[in-house]
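entry-v4.txt, holding compact mmCIF, C-alpha atoms:
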```
# COMPACT_ATOMS: atom_id res chain seq x y z
CA LEU A 239 0.00 0.00 0.00
CA ALA A 240 2.88 2.34 -0.75
CA ALA A 241 0.63 4.57 -2.80
CA LEU A 242 -1.64 4.79 0.20
CA SER A 243 0.97 5.69 2.79
CA TRP A 244 1.80 9.02 4.29
CA GLY A 245 5.33 10.16 4.24
CA GLY A 246 8.19 12.01 2.74
CA GLY A 247 7.52 13.52 -0.63
CA GLN A 248 4.39 11.47 -1.29
CA THR A 249 1.82 13.08 -3.58
CA SER A 250 -1.64 13.62 -2.15
CA LEU A 251 -4.03 10.69 -2.19
CA SER A 252 -6.97 10.44 -4.53
CA PRO A 253 -10.36 10.12 -2.79
CA CYS A 254 -10.43 6.41 -3.65
CA GLN A 255 -6.92 5.86 -2.28
CA PHE A 256 -7.79 7.79 0.86
CA LEU A 257 -10.86 5.62 1.49
CA ARG A 258 -8.94 2.42 0.76
CA ARG A 259 -6.17 3.50 3.15
CA GLN A 260 -8.78 4.16 5.84
CA GLN A 261 -10.23 0.68 5.27
CA VAL A 262 -6.79 -0.91 5.64
CA LEU A 263 -5.99 1.00 8.83
CA GLN A 264 -9.40 0.20 10.30
CA LEU A 265 -8.94 -3.50 9.53
CA TYR A 266 -5.46 -3.49 11.11
CA ARG A 267 -6.80 -1.87 14.29
CA LYS A 268 -9.71 -4.33 14.50
CA ILE A 269 -7.36 -7.28 14.11
CA LEU A 270 -5.05 -5.98 16.84
CA ARG A 271 -8.04 -5.38 19.15
CA ALA A 272 -9.29 -8.92 18.56
CA ILE A 273 -5.81 -10.33 19.23
CA ARG A 274 -5.81 -8.61 22.63
CA GLU A 275 -8.68 -10.93 23.59
CA VAL A 276 -6.58 -14.07 23.03
CA PRO A 277 -6.02 -15.57 26.50
CA ALA A 278 -2.56 -17.12 26.04
CA GLU A 279 0.35 -14.66 25.96
CA GLN A 280 2.37 -16.79 23.54
CA ASP A 281 -0.56 -17.04 21.11
CA ARG A 282 -1.18 -13.29 21.37
CA ARG A 283 2.45 -12.56 20.57
CA TYR A 284 2.43 -14.97 17.62
CA LEU A 285 -0.77 -13.50 16.16
CA LYS A 286 0.39 -9.92 16.65
CA ASP A 287 3.68 -10.68 14.88
CA TRP A 288 1.77 -12.46 12.11
CA ALA A 289 -0.60 -9.52 11.57
CA ARG A 290 2.22 -6.98 11.54
CA GLU A 291 4.22 -9.04 9.07
CA GLU A 292 1.22 -9.55 6.73
CA PHE A 293 0.47 -5.83 6.61
CA ARG A 294 4.15 -4.94 6.29
CA ARG A 295 4.65 -7.49 3.51
CA ASN A 296 1.78 -6.03 1.49
CA LYS A 297 2.38 -2.34 2.17
CA ASP A 298 3.76 -1.73 -1.32
CA ALA A 299 0.68 -3.11 -3.11
CA THR A 300 -0.78 -0.58 -5.51
CA GLU A 301 -3.16 -2.59 -7.71
CA GLU A 302 -6.73 -1.72 -6.68
CA ASP A 303 -8.14 -5.22 -7.23
CA ALA A 304 -5.35 -6.84 -5.22
CA ILE A 305 -5.84 -4.39 -2.35
CA ARG A 306 -9.60 -5.04 -2.32
CA MET A 307 -8.96 -8.79 -2.28
CA MET A 308 -6.50 -8.45 0.63
CA ILE A 309 -9.02 -6.38 2.60
CA THR A 310 -11.68 -9.03 1.98
CA GLN A 311 -9.33 -11.82 3.09
CA GLY A 312 -8.31 -9.83 6.14
CA ASN A 313 -11.94 -9.31 7.13
CA MET A 314 -12.63 -13.04 6.74
CA GLN A 315 -9.63 -13.87 8.93
CA LEU A 316 -10.78 -11.32 11.51
CA LYS A 317 -14.27 -12.87 11.60
CA GLU A 318 -12.76 -16.33 12.00
CA LEU A 319 -10.60 -15.13 14.90
CA GLN A 320 -13.63 -13.48 16.53
CA ARG A 321 -15.68 -16.68 16.12
CA THR A 322 -12.90 -18.76 17.64
CA LEU A 323 -12.57 -16.39 20.59
CA LYS A 324 -16.34 -16.44 21.13
CA LEU A 325 -16.37 -20.25 21.14
CA ALA A 326 -13.42 -20.38 23.54
CA LYS A 327 -15.29 -18.15 26.00
CA SER A 328 -18.46 -20.25 25.95
```

Whole structure, C-alpha cells version:
Amino acid sequence: LAALSWGGGQTSLSPCQFLRRQQVLQLYRKILRAIREVPAEQDRRYLKDWAREEFRRNKDATEEDAIRMMITQGNMQLKELQRTLKLAKS
C-alpha cells in the first residue's frame, strides 16, 4: 500500500486511495483489538507478529483489485478469529 501511505515527498491521495487507506488501517486496528482478547500470551504474541508481518509485507501493493482482495481476506480472517474467541469463551 505504498501509494496509500503518508510520508516524505508522497503526492496527495486520490479520494479512492484515501478511502482504501482508511479501510486498511481500520482492519489493522480491528485485528489488533481482537488479538488482545486471546487468552494465552504466547498465542497473542504470535498472532500480533503475524498480523504486523502480513500488513508490512503487502504495504507496497498498488493494484486496486489486489488491495480489495486483501481487505476481503483480512476481514474473513478477523471474523474467524472473533468466532474462535467467542467459542473459547463459551

So what do you get for CA of Trp288 (chain A) versus CA of Ile273 (chain A), distance-wise?
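Separation between CA of Trp288 (chain A) and CA of Ile273 (chain A): 10.6 Å.
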
From the list A:Val262, A:Leu316, A:Val276, A:Asp281, which residue is nearest Lys297 (chain A) when using only C-alpha atoms?
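The answer is A:Val262, which sits nearest to Lys297 (chain A).
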
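Taking all atoms listed in the file, the non-local environment of Leu265 (chain A) within 9 Å (same-chain residues fewer than 5 positions away omitted) comprises Gln260, Leu270, Ile309, Gly312, Asn313 and Leu316 of chain A.
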
What separates CA of Phe256 (chain A) and CA of Ala289 (chain A) is a distance of 21.6 Å

Interatomic distance (Å, one decimal) between CA of Glu302 (chain A) and CA of Leu263 (chain A):
15.8 Å

I want to know what sits within 12 Å of Glu292 (chain A), based on only C-alpha atoms, with residues of the same chain fewer than 6 positions away left out; could you give that as a ChimeraX atom specification?
/A:239,262,266,269,285-286,298-299,308-309,311-312,315

Just checking: using all atoms listed in the file, which residue out of A:Ile305, A:Pro277, A:Thr310, A:Thr322 ends up closest to Arg259 (chain A)?
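Result for the nearest residue to Arg259 (chain A): A:Ile305.
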